[in-house]
file structure25.txt (compact mmCIF, C-alpha atoms)
# COMPACT_ATOMS: atom_id res chain seq x y z
CA MET A 1 -19.64 2.28 39.14
CA SER A 2 -21.32 4.89 41.31
CA ARG A 3 -24.37 6.22 39.47
CA ALA A 4 -26.12 9.57 39.88
CA ARG A 5 -29.82 8.80 40.46
CA VAL A 6 -32.96 10.91 40.74
CA HIS A 7 -35.96 9.26 42.44
CA ASN A 8 -39.57 10.26 42.98
CA LEU A 9 -39.46 13.52 41.05
CA PHE A 10 -43.15 14.41 40.83
CA VAL A 11 -43.96 16.45 37.73
CA SER A 12 -47.29 18.03 36.77
CA ALA A 13 -48.81 17.71 33.30
CA ASP A 14 -47.49 21.18 32.55
CA GLY A 15 -43.94 20.41 33.65
CA PHE A 16 -43.70 21.85 37.15
CA ALA A 17 -42.11 19.91 39.99
CA ALA A 18 -42.35 22.33 42.90
CA GLY A 19 -44.39 25.31 43.98
CA ASP A 20 -43.40 28.93 43.61
CA HIS A 21 -43.78 30.15 47.14
CA VAL A 22 -41.88 28.18 49.71
CA THR A 23 -42.15 29.55 53.24
CA PHE A 24 -41.44 28.22 56.72
CA GLU A 25 -45.14 27.43 57.03
CA HIS A 26 -45.52 25.87 53.57
CA PRO A 27 -42.42 23.85 52.71
CA ILE A 28 -43.87 22.59 49.44
CA GLY A 29 -45.28 25.95 48.44
CA ASP A 30 -48.46 25.88 46.38
CA ALA A 31 -47.73 22.49 44.79
CA GLY A 32 -49.42 20.22 47.31
CA ALA A 33 -51.43 18.51 44.56
CA LEU A 34 -48.18 17.02 43.24
CA PHE A 35 -47.55 15.02 46.37
CA ALA A 36 -51.08 13.97 47.31
CA ARG A 37 -50.42 10.35 46.26
CA PHE A 38 -46.95 10.10 47.80
CA ASP A 39 -46.33 8.01 50.88
CA GLY A 40 -43.00 9.05 52.35
CA ARG A 41 -42.84 6.13 54.76
CA VAL A 42 -41.73 3.74 52.02
CA ILE A 43 -38.50 5.50 51.05
CA HIS A 44 -36.55 3.06 53.21
CA GLY A 45 -38.59 -0.01 52.22
CA VAL A 46 -42.11 -1.41 52.06
CA GLN A 47 -41.78 -2.84 55.57
CA HIS A 48 -42.45 0.66 56.90
CA ILE A 49 -46.10 0.67 55.83
CA THR A 50 -48.99 -1.35 57.13
CA ASP A 51 -51.16 -0.26 54.18
CA ALA A 52 -51.23 -2.22 50.94
CA VAL A 53 -48.03 -2.92 49.05
CA THR A 54 -48.76 -1.17 45.75
CA VAL A 55 -46.78 -0.69 42.56
CA ASP A 56 -46.42 3.01 43.38
CA ARG A 57 -44.96 2.23 46.78
CA ALA A 58 -42.63 -0.42 45.36
CA LEU A 59 -41.27 2.14 42.91
CA PHE A 60 -41.03 4.87 45.56
CA SER A 61 -38.96 2.49 47.70
CA MET A 62 -35.98 2.64 45.34
CA TRP A 63 -35.18 6.05 46.87
CA GLY A 64 -33.14 4.59 49.71
CA GLN A 65 -31.55 1.63 47.93
CA GLY A 66 -27.76 1.67 47.79
CA ILE A 67 -27.37 5.43 48.21
CA GLY A 68 -24.18 6.71 49.86
CA ALA A 69 -24.66 10.48 49.54
CA GLU A 70 -27.17 13.07 48.34
CA ILE A 71 -26.86 16.38 46.53
CA MET A 72 -29.63 18.93 47.03
CA GLY A 73 -30.36 22.51 46.12
CA ARG A 74 -30.38 25.11 48.84
CA ARG A 75 -34.16 25.55 48.78
CA LYS A 76 -34.67 21.89 49.61
CA PHE A 77 -32.73 22.57 52.83
CA GLY A 78 -34.56 25.74 53.80
CA PRO A 79 -36.49 28.77 52.57
CA GLN A 80 -33.78 31.36 53.30
CA THR A 81 -31.99 33.21 50.49
CA GLY A 82 -28.75 35.23 50.54
CA PRO A 83 -26.33 35.09 53.46
CA TRP A 84 -27.46 32.65 56.18
CA PRO A 85 -29.25 34.39 59.03
CA ASP A 86 -28.27 33.41 62.56
CA ASP A 87 -31.59 31.62 63.09
CA GLY A 88 -30.54 28.15 64.27
CA TRP A 89 -32.11 26.54 61.19
CA THR A 90 -31.02 22.90 60.70
CA GLY A 91 -33.34 21.88 57.87
CA TRP A 92 -37.02 20.95 57.63
CA TRP A 93 -36.66 17.56 59.27
CA GLY A 94 -36.05 18.03 62.98
CA ASP A 95 -33.66 15.69 64.78
CA GLU A 96 -34.06 12.81 62.35
CA PRO A 97 -33.51 13.85 58.73
CA PRO A 98 -34.44 10.86 56.56
CA PHE A 99 -31.23 10.84 54.49
CA LEU A 100 -28.92 8.80 56.77
CA THR A 101 -25.90 9.78 54.63
CA PRO A 102 -23.79 12.87 53.88
CA CYS A 103 -25.79 15.48 51.94
CA PHE A 104 -24.17 18.21 49.87
CA VAL A 105 -26.22 21.42 49.80
CA LEU A 106 -25.44 23.67 46.83
CA THR A 107 -25.22 27.29 47.92
CA HIS A 108 -23.20 30.39 47.15
CA HIS A 109 -22.94 30.92 50.91
CA PRO A 110 -20.87 28.14 52.51
CA ARG A 111 -21.18 27.55 56.25
CA GLU A 112 -20.10 24.96 58.83
CA PRO A 113 -21.44 21.44 58.30
CA LEU A 114 -24.24 19.98 60.43
CA GLU A 115 -24.16 16.42 61.77
CA PHE A 116 -27.00 14.30 63.12
CA ALA A 117 -26.86 11.18 65.24
CA ASN A 118 -28.68 9.09 62.63
CA GLY A 119 -25.86 9.39 60.08
CA THR A 120 -27.22 12.37 58.18
CA SER A 121 -24.85 15.30 57.70
CA PHE A 122 -25.18 18.49 55.65
CA HIS A 123 -22.19 20.02 53.86
CA PHE A 124 -22.68 23.43 52.29
CA VAL A 125 -20.70 23.82 49.10
CA ASP A 126 -20.34 26.49 46.44
CA ALA A 127 -19.60 24.12 43.58
CA SER A 128 -20.51 23.31 39.99
CA PRO A 129 -22.64 20.21 39.40
CA ALA A 130 -19.56 18.25 38.29
CA GLU A 131 -17.55 19.31 41.34
CA ALA A 132 -20.42 18.56 43.70
CA LEU A 133 -20.85 15.13 42.14
CA ARG A 134 -17.17 14.42 42.61
CA MET A 135 -17.39 15.32 46.30
CA ALA A 136 -20.54 13.27 46.78
CA ARG A 137 -18.98 10.24 45.06
CA ASP A 138 -15.95 10.49 47.32
CA ALA A 139 -18.27 10.49 50.32
CA ALA A 140 -20.52 7.70 49.02
CA GLY A 141 -18.09 4.85 49.60
CA GLY A 142 -18.78 3.16 46.28
CA LEU A 143 -22.55 3.45 46.54
CA ASP A 144 -24.72 5.58 44.26
CA VAL A 145 -25.36 9.31 44.67
CA ARG A 146 -28.92 10.59 44.88
CA LEU A 147 -29.69 13.89 43.18
CA GLY A 148 -32.36 14.97 45.61
CA GLY A 149 -33.74 18.05 43.85
CA GLY A 150 -35.44 20.40 43.79
CA PRO A 151 -36.31 20.70 40.13
CA SER A 152 -33.80 23.46 39.38
CA THR A 153 -30.99 21.31 40.69
CA VAL A 154 -32.15 18.30 38.66
CA ASN A 155 -32.40 20.56 35.62
CA GLU A 156 -28.79 21.74 36.10
CA PHE A 157 -27.48 18.19 36.39
CA LEU A 158 -29.43 17.12 33.30
CA ARG A 159 -28.02 20.04 31.34
CA ALA A 160 -24.52 19.00 32.42
CA ASP A 161 -25.32 15.40 31.35
CA LEU A 162 -24.49 14.04 34.79
CA VAL A 163 -27.65 12.00 35.42
CA ASP A 164 -27.57 8.20 35.03
CA VAL A 165 -31.05 7.27 36.29
CA LEU A 166 -34.06 9.61 36.36
CA HIS A 167 -37.27 8.37 37.97
CA ILE A 168 -40.08 10.76 37.06
CA VAL A 169 -43.59 10.45 38.46
CA MET A 170 -46.09 12.11 36.13
CA VAL A 171 -49.04 13.45 38.13
CA PRO A 172 -52.25 14.24 36.22
CA VAL A 173 -52.67 17.74 37.65
CA VAL A 174 -52.20 21.15 36.05
CA LEU A 175 -50.39 23.57 38.34
CA GLY A 176 -50.12 26.63 36.10
CA ARG A 177 -47.06 27.92 37.96
CA GLY A 178 -44.09 26.68 39.94
CA VAL A 179 -40.57 25.51 39.26
CA ARG A 180 -39.96 23.93 35.84
CA VAL A 181 -37.97 20.75 35.24
CA TRP A 182 -37.60 20.68 31.46
CA ASP A 183 -36.26 24.12 30.48
CA HIS A 184 -33.34 24.17 28.01
CA LEU A 185 -33.35 20.39 27.62
CA ASP A 186 -34.68 20.02 24.07
CA GLY A 187 -34.00 16.53 22.73
CA LEU A 188 -33.03 15.19 26.16
CA GLU A 189 -34.86 11.95 25.38
CA ASP A 190 -32.24 11.02 22.76
CA ARG A 191 -29.69 10.37 25.49
CA PHE A 192 -31.92 7.98 27.46
CA ALA A 193 -33.71 4.65 27.19
CA ILE A 194 -37.13 5.32 28.71
CA GLU A 195 -39.69 2.96 30.19
CA SER A 196 -43.17 4.08 31.26
CA VAL A 197 -45.75 2.35 33.39
CA SER A 198 -49.08 3.66 34.63
CA THR A 199 -50.63 2.49 37.87
CA GLU A 200 -54.14 2.24 39.19
CA SER A 201 -53.67 5.42 41.25
CA GLY A 202 -53.45 7.45 38.04
CA LEU A 203 -49.71 8.06 38.31
CA THR A 204 -47.31 7.31 35.47
CA HIS A 205 -43.77 6.34 36.40
CA GLN A 206 -41.01 6.91 33.87
CA LEU A 207 -37.56 5.39 34.28
CA TRP A 208 -34.99 7.21 32.18
CA ASN A 209 -31.69 5.31 31.97
CA ARG A 210 -28.75 7.12 30.41
CA LYS A 211 -27.55 5.29 27.30
CA PRO A 212 -23.87 4.23 27.33
CA ARG A 213 -21.78 7.36 26.86
CA GLY A 214 -19.63 5.47 24.37
CA MET B 1 -47.38 -6.03 62.58
CA SER B 2 -45.19 -8.69 61.01
CA ARG B 3 -46.67 -9.62 57.64
CA ALA B 4 -46.24 -12.85 55.68
CA ARG B 5 -45.09 -11.87 52.18
CA VAL B 6 -44.52 -13.77 48.95
CA HIS B 7 -42.29 -12.06 46.36
CA ASN B 8 -41.32 -12.82 42.80
CA LEU B 9 -43.49 -15.91 42.36
CA PHE B 10 -43.24 -16.52 38.61
CA VAL B 11 -46.33 -18.21 37.21
CA SER B 12 -46.92 -19.45 33.66
CA ALA B 13 -50.08 -18.71 31.71
CA ASP B 14 -51.29 -22.19 32.60
CA GLY B 15 -50.65 -21.78 36.32
CA PHE B 16 -47.35 -23.55 36.92
CA ALA B 17 -44.63 -21.98 39.04
CA ALA B 18 -41.90 -24.63 39.01
CA GLY B 19 -40.77 -27.53 36.90
CA ASP B 20 -41.55 -31.17 37.51
CA HIS B 21 -38.11 -32.67 37.52
CA VAL B 22 -35.70 -31.06 39.94
CA THR B 23 -32.29 -32.72 40.05
CA PHE B 24 -28.86 -31.76 41.32
CA GLU B 25 -27.96 -30.74 37.78
CA HIS B 26 -31.20 -28.85 37.06
CA PRO B 27 -32.35 -26.98 40.18
CA ILE B 28 -35.25 -25.33 38.39
CA GLY B 29 -36.29 -28.48 36.58
CA ASP B 30 -37.85 -28.00 33.17
CA ALA B 31 -39.29 -24.57 33.95
CA GLY B 32 -36.39 -22.40 32.81
CA ALA B 33 -38.70 -20.32 30.60
CA LEU B 34 -40.34 -18.96 33.74
CA PHE B 35 -37.19 -17.26 34.95
CA ALA B 36 -35.69 -16.04 31.69
CA ARG B 37 -36.54 -12.41 32.50
CA PHE B 38 -35.49 -12.53 36.14
CA ASP B 39 -32.38 -10.76 37.35
CA GLY B 40 -31.48 -12.17 40.76
CA ARG B 41 -28.90 -9.50 41.48
CA VAL B 42 -31.59 -6.97 42.41
CA ILE B 43 -33.13 -8.88 45.31
CA HIS B 44 -31.12 -6.78 47.76
CA GLY B 45 -31.55 -3.49 45.87
CA VAL B 46 -31.12 -1.83 42.50
CA GLN B 47 -27.60 -0.72 43.42
CA HIS B 48 -26.45 -4.27 42.66
CA ILE B 49 -26.98 -3.91 38.91
CA THR B 50 -25.14 -1.79 36.41
CA ASP B 51 -27.83 -2.45 33.77
CA ALA B 52 -30.86 -0.23 33.41
CA VAL B 53 -33.14 0.38 36.39
CA THR B 54 -36.42 -1.02 35.05
CA VAL B 55 -39.89 -1.36 36.53
CA ASP B 56 -39.40 -5.15 36.68
CA ARG B 57 -36.20 -4.76 38.67
CA ALA B 58 -37.74 -2.18 40.99
CA LEU B 59 -40.54 -4.62 41.78
CA PHE B 60 -38.16 -7.58 42.16
CA SER B 61 -36.17 -5.55 44.69
CA MET B 62 -38.93 -5.72 47.28
CA TRP B 63 -37.79 -9.30 48.00
CA GLY B 64 -35.17 -8.23 50.53
CA GLN B 65 -36.94 -5.26 52.11
CA GLY B 66 -37.63 -5.56 55.82
CA ILE B 67 -37.54 -9.37 55.95
CA GLY B 68 -36.46 -11.01 59.21
CA ALA B 69 -37.00 -14.70 58.38
CA GLU B 70 -38.00 -16.99 55.51
CA ILE B 71 -40.08 -20.14 55.30
CA MET B 72 -39.40 -22.51 52.42
CA GLY B 73 -40.45 -25.96 51.28
CA ARG B 74 -37.96 -28.77 51.39
CA ARG B 75 -37.51 -28.92 47.64
CA LYS B 76 -36.34 -25.32 47.55
CA PHE B 77 -33.50 -26.41 49.84
CA GLY B 78 -32.51 -29.53 47.91
CA PRO B 79 -33.68 -32.30 45.58
CA GLN B 80 -33.54 -35.11 48.15
CA THR B 81 -36.70 -36.85 49.37
CA GLY B 82 -37.27 -39.07 52.42
CA PRO B 83 -34.71 -39.37 55.22
CA TRP B 84 -31.69 -37.11 54.66
CA PRO B 85 -28.76 -38.95 53.13
CA ASP B 86 -25.34 -38.36 54.67
CA ASP B 87 -24.23 -36.36 51.63
CA GLY B 88 -22.94 -33.11 53.11
CA TRP B 89 -25.64 -31.13 51.28
CA THR B 90 -26.00 -27.55 52.59
CA GLY B 91 -28.38 -26.13 49.99
CA TRP B 92 -28.02 -24.92 46.42
CA TRP B 93 -26.21 -21.72 47.25
CA GLY B 94 -22.65 -22.56 48.32
CA ASP B 95 -21.06 -20.55 51.14
CA GLU B 96 -23.19 -17.43 50.66
CA PRO B 97 -26.91 -18.19 50.62
CA PRO B 98 -28.71 -14.97 49.64
CA PHE B 99 -31.19 -15.01 52.54
CA LEU B 100 -29.11 -13.35 55.32
CA THR B 101 -31.74 -14.36 57.91
CA PRO B 102 -33.00 -17.51 59.63
CA CYS B 103 -34.83 -19.80 57.17
CA PHE B 104 -37.31 -22.45 58.24
CA VAL B 105 -37.32 -25.48 55.95
CA LEU B 106 -40.53 -27.52 56.12
CA THR B 107 -39.76 -31.23 56.19
CA HIS B 108 -41.04 -34.40 57.82
CA HIS B 109 -37.42 -35.25 58.55
CA PRO B 110 -35.91 -32.76 61.02
CA ARG B 111 -32.15 -32.50 61.29
CA GLU B 112 -29.56 -30.23 62.91
CA PRO B 113 -29.62 -26.58 61.82
CA LEU B 114 -27.01 -25.11 59.48
CA GLU B 115 -25.45 -21.70 60.05
CA PHE B 116 -23.54 -19.50 57.60
CA ALA B 117 -21.23 -16.60 58.30
CA ASN B 118 -23.40 -14.15 56.31
CA GLY B 119 -26.34 -14.44 58.73
CA THR B 120 -28.24 -17.14 56.88
CA SER B 121 -29.27 -20.18 58.90
CA PHE B 122 -31.49 -23.16 58.03
CA HIS B 123 -33.79 -24.74 60.61
CA PHE B 124 -35.53 -27.97 59.62
CA VAL B 125 -38.99 -28.22 61.11
CA ASP B 126 -41.88 -30.67 60.86
CA ALA B 127 -44.64 -28.12 61.38
CA SER B 128 -47.98 -26.95 60.06
CA PRO B 129 -48.02 -23.66 58.14
CA ALA B 130 -49.43 -21.84 61.20
CA GLU B 131 -46.78 -23.30 63.51
CA ALA B 132 -43.98 -22.54 61.07
CA LEU B 133 -45.19 -18.97 60.71
CA ARG B 134 -45.20 -18.56 64.48
CA MET B 135 -41.60 -19.77 64.68
CA ALA B 136 -40.53 -17.53 61.82
CA ARG B 137 -42.21 -14.49 63.38
CA ASP B 138 -40.43 -15.16 66.66
CA ALA B 139 -37.15 -15.25 64.77
CA ALA B 140 -37.89 -12.20 62.63
CA GLY B 141 -37.44 -9.59 65.35
CA GLY B 142 -40.50 -7.58 64.36
CA LEU B 143 -39.72 -7.61 60.65
CA ASP B 144 -41.83 -9.38 58.01
CA VAL B 145 -41.61 -13.07 57.10
CA ARG B 146 -40.98 -14.10 53.51
CA LEU B 147 -42.80 -17.17 52.24
CA GLY B 148 -40.11 -18.26 49.86
CA GLY B 149 -41.84 -21.06 47.99
CA GLY B 150 -41.85 -23.26 46.12
CA PRO B 151 -45.37 -23.19 44.72
CA SER B 152 -46.68 -26.06 46.86
CA THR B 153 -45.63 -24.24 50.00
CA VAL B 154 -47.24 -20.99 48.84
CA ASN B 155 -50.37 -22.95 47.97
CA GLU B 156 -50.51 -24.43 51.50
CA PHE B 157 -50.15 -21.03 53.13
CA LEU B 158 -52.84 -19.54 50.87
CA ARG B 159 -55.19 -22.39 51.74
CA ALA B 160 -54.55 -21.70 55.43
CA ASP B 161 -55.23 -17.98 54.81
CA LEU B 162 -51.85 -16.98 56.21
CA VAL B 163 -50.62 -14.78 53.36
CA ASP B 164 -50.74 -10.98 53.70
CA VAL B 165 -48.93 -9.90 50.52
CA LEU B 166 -48.59 -12.01 47.36
CA HIS B 167 -46.45 -10.68 44.52
CA ILE B 168 -47.13 -12.78 41.43
CA VAL B 169 -45.21 -12.33 38.17
CA MET B 170 -47.27 -13.61 35.25
CA VAL B 171 -44.98 -14.89 32.51
CA PRO B 172 -46.46 -15.28 29.01
CA VAL B 173 -45.25 -18.84 28.49
CA VAL B 174 -47.16 -22.12 28.43
CA LEU B 175 -45.34 -24.85 30.35
CA GLY B 176 -47.81 -27.72 30.04
CA ARG B 177 -46.52 -29.39 33.20
CA GLY B 178 -44.90 -28.56 36.51
CA VAL B 179 -45.99 -27.60 40.01
CA ARG B 180 -49.34 -25.79 40.26
CA VAL B 181 -49.98 -22.71 42.40
CA TRP B 182 -53.75 -22.34 42.24
CA ASP B 183 -55.17 -25.78 43.15
CA HIS B 184 -58.04 -25.82 45.69
CA LEU B 185 -58.13 -22.04 45.95
CA ASP B 186 -61.41 -21.27 44.17
CA GLY B 187 -62.57 -17.73 44.95
CA LEU B 188 -59.23 -16.77 46.49
CA GLU B 189 -59.49 -13.33 44.84
CA ASP B 190 -62.39 -12.40 47.16
CA ARG B 191 -60.01 -12.15 50.11
CA PHE B 192 -57.57 -9.79 48.39
CA ALA B 193 -57.32 -6.32 46.86
CA ILE B 194 -55.39 -6.88 43.64
CA GLU B 195 -53.38 -4.46 41.51
CA SER B 196 -51.90 -5.42 38.14
CA VAL B 197 -49.30 -3.69 36.03
CA SER B 198 -47.71 -4.85 32.79
CA THR B 199 -44.20 -3.85 31.83
CA GLU B 200 -42.37 -3.45 28.56
CA SER B 201 -40.64 -6.82 29.03
CA GLY B 202 -43.99 -8.58 28.64
CA LEU B 203 -44.31 -9.48 32.31
CA THR B 204 -47.40 -8.68 34.36
CA HIS B 205 -46.91 -8.06 38.07
CA GLN B 206 -49.84 -8.62 40.40
CA LEU B 207 -49.82 -7.38 43.98
CA TRP B 208 -52.39 -9.21 46.07
CA ASN B 209 -52.94 -7.53 49.45
CA ARG B 210 -55.05 -9.41 52.00
CA LYS B 211 -58.16 -7.43 52.91
CA PRO B 212 -58.58 -6.66 56.63
CA ARG B 213 -59.57 -9.91 58.36
CA GLY B 214 -61.92 -8.23 60.51

call {"tool": "encode", "arguments": {"input": "structure25.txt", "output": "C-alpha cells"}}
result
Amino acid sequence: MSRARVHNLFVSADGFAAGDHVTFEHPIGDAGALFARFDGRVIHGVQHITDAVTVDRALFSMWGQGIGAEIMGRRKFGPQTGPWPDDGWTGWWGDEPPFLTPCFVLTHHPREPLEFANGTSFHFVDASPAEALRMARDAAGGLDVRLGGGPSTVNEFLRADLVDVLHIVMVPVVLGRGVRVWDHLDGLEDRFAIESVSTESGLTHQLWNRKPRG
Amino acid sequence: MSRARVHNLFVSADGFAAGDHVTFEHPIGDAGALFARFDGRVIHGVQHITDAVTVDRALFSMWGQGIGAEIMGRRKFGPQTGPWPDDGWTGWWGDEPPFLTPCFVLTHHPREPLEFANGTSFHFVDASPAEALRMARDAAGGLDVRLGGGPSTVNEFLRADLVDVLHIVMVPVVLGRGVRVWDHLDGLEDRFAIESVSTESGLTHQLWNRKPRG
C-alpha cells in the first residue's frame, strides 16, 4: 500500500506552521522561530551530519524514507501568485532540489514541467487533493507519497481524509500570525492513533497514524 | 568522517544484551524478552511496514542509514566455536542477509569470504578492534561503519574507545543471565553526550555521542 505521509510539519503553540509574508528574500516569511531547531541535512539520513545523532534528527530523517513522489502547494514552490510571470523561476532550491522524485505542484495555473538532473521534477497541476494523490501514486512506483506542505495544503488533505501518517513537530513558540494548520478540523484526533514524545531540545514530536478506515 | 555506529542494542535492566545459550535452533538464546518489541522490517526504512509509524520504529530505522560496512562478532554469524566445521554454514539469514554491504566477522579462525547477490559479503578476520575498524572503513567507501554486535564485540570496541555513536534500547525486563555489555567500562559516560527518550511502548532509547576527542 502506498501511504500519504506528512513529515516535519513544524507547528507553533498557537497553531501556525508558516509565516504570513513570503517574499523572494524571505522564503519562510516571519516564521523563522519555527525552524530554528531544524537541521535540513538529515532529511536523507543521519550520515549527512557530523554533529550528534539526536532523537530529533532521527525523527527528521524519516522525511526521505521510501518516498516516490511529493505533492506541494504552490507557495512552497515560489512566492508568485496568479498567472506565472516569465521570470525564469525554477523553485527556491537552485540546481539541486532535495526531493529527488517527481513533485506535483498544486496551482490553478498549469505550466510546462521542469526536470532536474538529480531526479527531481515539478509537474504543475490544477487538481483536487484526491486527483493529485492519484497522480502522485501513479508516479511513485509503489513507494509512499509525501505531502510536503505548506500548512494550507496539509489542511486540505486532512479535510479530505487523505492523510495516513502525520508527523507534527510542536515548537514552544508563539507566533501570533501566519498560516494555520488546524482550521475546520474539529475532532480530527478521533480518526488517528497518536503518539507523542518530547526531546531534550524542547520539541515535541507527534506521530498521527490514521486508524483503519474499516 | 566515517563514524563507527552501534544501533538497536537492546539491553535489559540488569545489563544483558544477549542470551547465554545460542544454538542452531535458538539464535537469540534465552533472551527473547529483549527483542519482543523490535520490528526488524524497519531497518531499511519505515516504508517497509504497513503498521503504524511509531517513535520506536523511526529510531530503529537509523540502522541502515549511510552504512558502508559492518563489523560483527563470530557468534552473530553462527553458533559454532573453534575451527570451522565443514557444514556449509553461511550465516543465519539464508540467501538474503539484510546487511547489503561487506561485513567483517571477527574470529581467530579465518576462512574464505562469502558473497551474496544482494551486496552482502562476509570476510573472516583475526584482527584487533582497531585493525578491523580500519579494514571496514576502507571497505565502506566514505560511509559509516556499523558495529553490529553482539554485546561482547560492542564492549571490546567501547573499551578501545572506538565508538562514535551508541544507540542503546533499554528494555524493562530482568534477564538474570546472558552476555553483559557494561563490564570494565566504569565512567564510560564521561566520554559521551547522552540523550534519553522514553516511548509509549515502555522502551527507553539512549543516544550516546562521543564527545570531541580533542

call {"tool": "interface_residues", "arguments": {"input": "structure25.txt", "of": "chain B", "to": "chain A", "cutoff": "6 Å", "atoms": "only C-alpha atoms", "output": "list in words"}}
result
Gly45, Gln47, Ala52, Ala58, Leu59, Gln65, Gly66 and Asn209 of chain B

call {"tool": "residues_around", "arguments": {"input": "structure25.txt", "residues": "stretch 83-97 of chain A", "least_positions_apart": "5", "cutoff": "8 Å", "atoms": "all atoms listed in the file", "output": "PyMOL selection string"}}
result
chain A and resi 27+77-78+109+114+116-118+120

call {"tool": "atom_distance", "arguments": {"input": "structure25.txt", "atom1": "atom CA of A:Ala132", "atom2": "atom CA of A:Gly187"}}
result
25.1 Å

call {"tool": "residues_around", "arguments": {"input": "structure25.txt", "residues": "stretch 127-129 of chain B", "least_positions_apart": "5", "cutoff": "10 Å", "atoms": "only C-alpha atoms", "output": "list in words"}}
result
Ile71, Phe104, Val105, Leu106, Thr107, His108, Pro110, Arg134, Met135, Thr153, Val154, Glu156, Phe157, Leu158, Arg159, Ala160, Asp161 and Leu162 of chain B

call {"tool": "write_last_selection", "arguments": {"input": "structure25.txt", "atoms": "C-alpha atoms", "output": "short mmCIF file (atom, residue, chain, number, x, y, z; two decimals), in the coordinates of the input"}}
result
data_model
loop_
_atom_site.label_atom_id
_atom_site.label_comp_id
_atom_site.auth_asym_id
_atom_site.auth_seq_id
_atom_site.Cartn_x
_atom_site.Cartn_y
_atom_site.Cartn_z
CA ILE B 71 -40.08 -20.14 55.30
CA PHE B 104 -37.31 -22.45 58.24
CA VAL B 105 -37.32 -25.48 55.95
CA LEU B 106 -40.53 -27.52 56.12
CA THR B 107 -39.76 -31.23 56.19
CA HIS B 108 -41.04 -34.40 57.82
CA PRO B 110 -35.91 -32.76 61.02
CA ARG B 134 -45.20 -18.56 64.48
CA MET B 135 -41.60 -19.77 64.68
CA THR B 153 -45.63 -24.24 50.00
CA VAL B 154 -47.24 -20.99 48.84
CA GLU B 156 -50.51 -24.43 51.50
CA PHE B 157 -50.15 -21.03 53.13
CA LEU B 158 -52.84 -19.54 50.87
CA ARG B 159 -55.19 -22.39 51.74
CA ALA B 160 -54.55 -21.70 55.43
CA ASP B 161 -55.23 -17.98 54.81
CA LEU B 162 -51.85 -16.98 56.21
#

call {"tool": "closest_residue", "arguments": {"input": "structure25.txt", "among": "A:Val173, A:Val11, A:Met72, A:Val145", "to": "A:Phe124", "atoms": "only C-alpha atoms"}}
result
A:Met72

call {"tool": "atom_distance", "arguments": {"input": "structure25.txt", "atom1": "atom CA of B:Phe38", "atom2": "atom CA of B:Ala139"}}
result
28.8 Å

call {"tool": "atom_distance", "arguments": {"input": "structure25.txt", "atom1": "atom CA of A:Gly202", "atom2": "atom CA of A:Val171"}}
result
7.4 Å

call {"tool": "residues_around", "arguments": {"input": "structure25.txt", "residues": "A:Arg180", "least_positions_apart": "5", "cutoff": "10 Å", "atoms": "all atoms listed in the file", "output": "ChimeraX atom specification"}}
result
/A:11-12,14-20,150-152,155

call {"tool": "write_last_selection", "arguments": {"input": "structure25.txt", "atoms": "C-alpha atoms", "output": "PDB file, in the frame of the given file"}}
result
ATOM      1  CA  VAL A  11     -43.960  16.450  37.730  1.00  0.00           C
ATOM      2  CA  SER A  12     -47.290  18.030  36.770  1.00  0.00           C
ATOM      3  CA  ASP A  14     -47.490  21.180  32.550  1.00  0.00           C
ATOM      4  CA  GLY A  15     -43.940  20.410  33.650  1.00  0.00           C
ATOM      5  CA  PHE A  16     -43.700  21.850  37.150  1.00  0.00           C
ATOM      6  CA  ALA A  17     -42.110  19.910  39.990  1.00  0.00           C
ATOM      7  CA  ALA A  18     -42.350  22.330  42.900  1.00  0.00           C
ATOM      8  CA  GLY A  19     -44.390  25.310  43.980  1.00  0.00           C
ATOM      9  CA  ASP A  20     -43.400  28.930  43.610  1.00  0.00           C
ATOM     10  CA  GLY A 150     -35.440  20.400  43.790  1.00  0.00           C
ATOM     11  CA  PRO A 151     -36.310  20.700  40.130  1.00  0.00           C
ATOM     12  CA  SER A 152     -33.800  23.460  39.380  1.00  0.00           C
ATOM     13  CA  ASN A 155     -32.400  20.560  35.620  1.00  0.00           C
TER      14      ASN A 155
END

call {"tool": "axis_aligned_box", "arguments": {"input": "structure25.txt", "around": "stretch 100-117 of chain A", "padding_each_side": "3 Å", "output": "AutoDock Vina command-line options"}}
result
--center_x -24.5 --center_y 19.9 --center_z 56.0 --size_x 14.8 --size_y 28.1 --size_z 24.4

call {"tool": "decode", "arguments": {"input": "structure25.txt", "residues": "stretch 145-169 of chain B", "atoms": "C-alpha atoms", "output": "compact mmCIF listing (two decimals), in the first residue's frame"}}
result
# COMPACT_ATOMS: atom_id res chain seq x y z
CA VAL B 145 30.70 1.60 9.79
CA ARG B 146 28.11 -0.26 11.83
CA LEU B 147 29.34 -2.16 14.87
CA GLY B 148 26.77 -4.89 14.68
CA GLY B 149 27.36 -6.72 17.95
CA GLY B 150 26.91 -8.92 19.75
CA PRO B 151 27.41 -7.34 23.17
CA SER B 152 30.93 -8.69 23.69
CA THR B 153 32.06 -7.09 20.46
CA VAL B 154 30.45 -3.77 21.36
CA ASN B 155 32.08 -3.99 24.78
CA GLU B 156 35.52 -4.51 23.17
CA PHE B 157 35.09 -1.51 20.88
CA LEU B 158 33.91 0.67 23.78
CA ARG B 159 36.93 -0.37 25.84
CA ALA B 160 39.17 0.58 22.91
CA ASP B 161 37.34 3.94 22.65
CA LEU B 162 36.44 3.33 19.02
CA VAL B 163 32.69 4.02 19.19
CA ASP B 164 31.31 7.34 17.91
CA VAL B 165 27.56 6.73 18.19
CA LEU B 166 25.91 4.20 20.52
CA HIS B 167 22.16 3.69 20.28
CA ILE B 168 21.02 1.69 23.30
CA VAL B 169 17.44 0.48 23.75
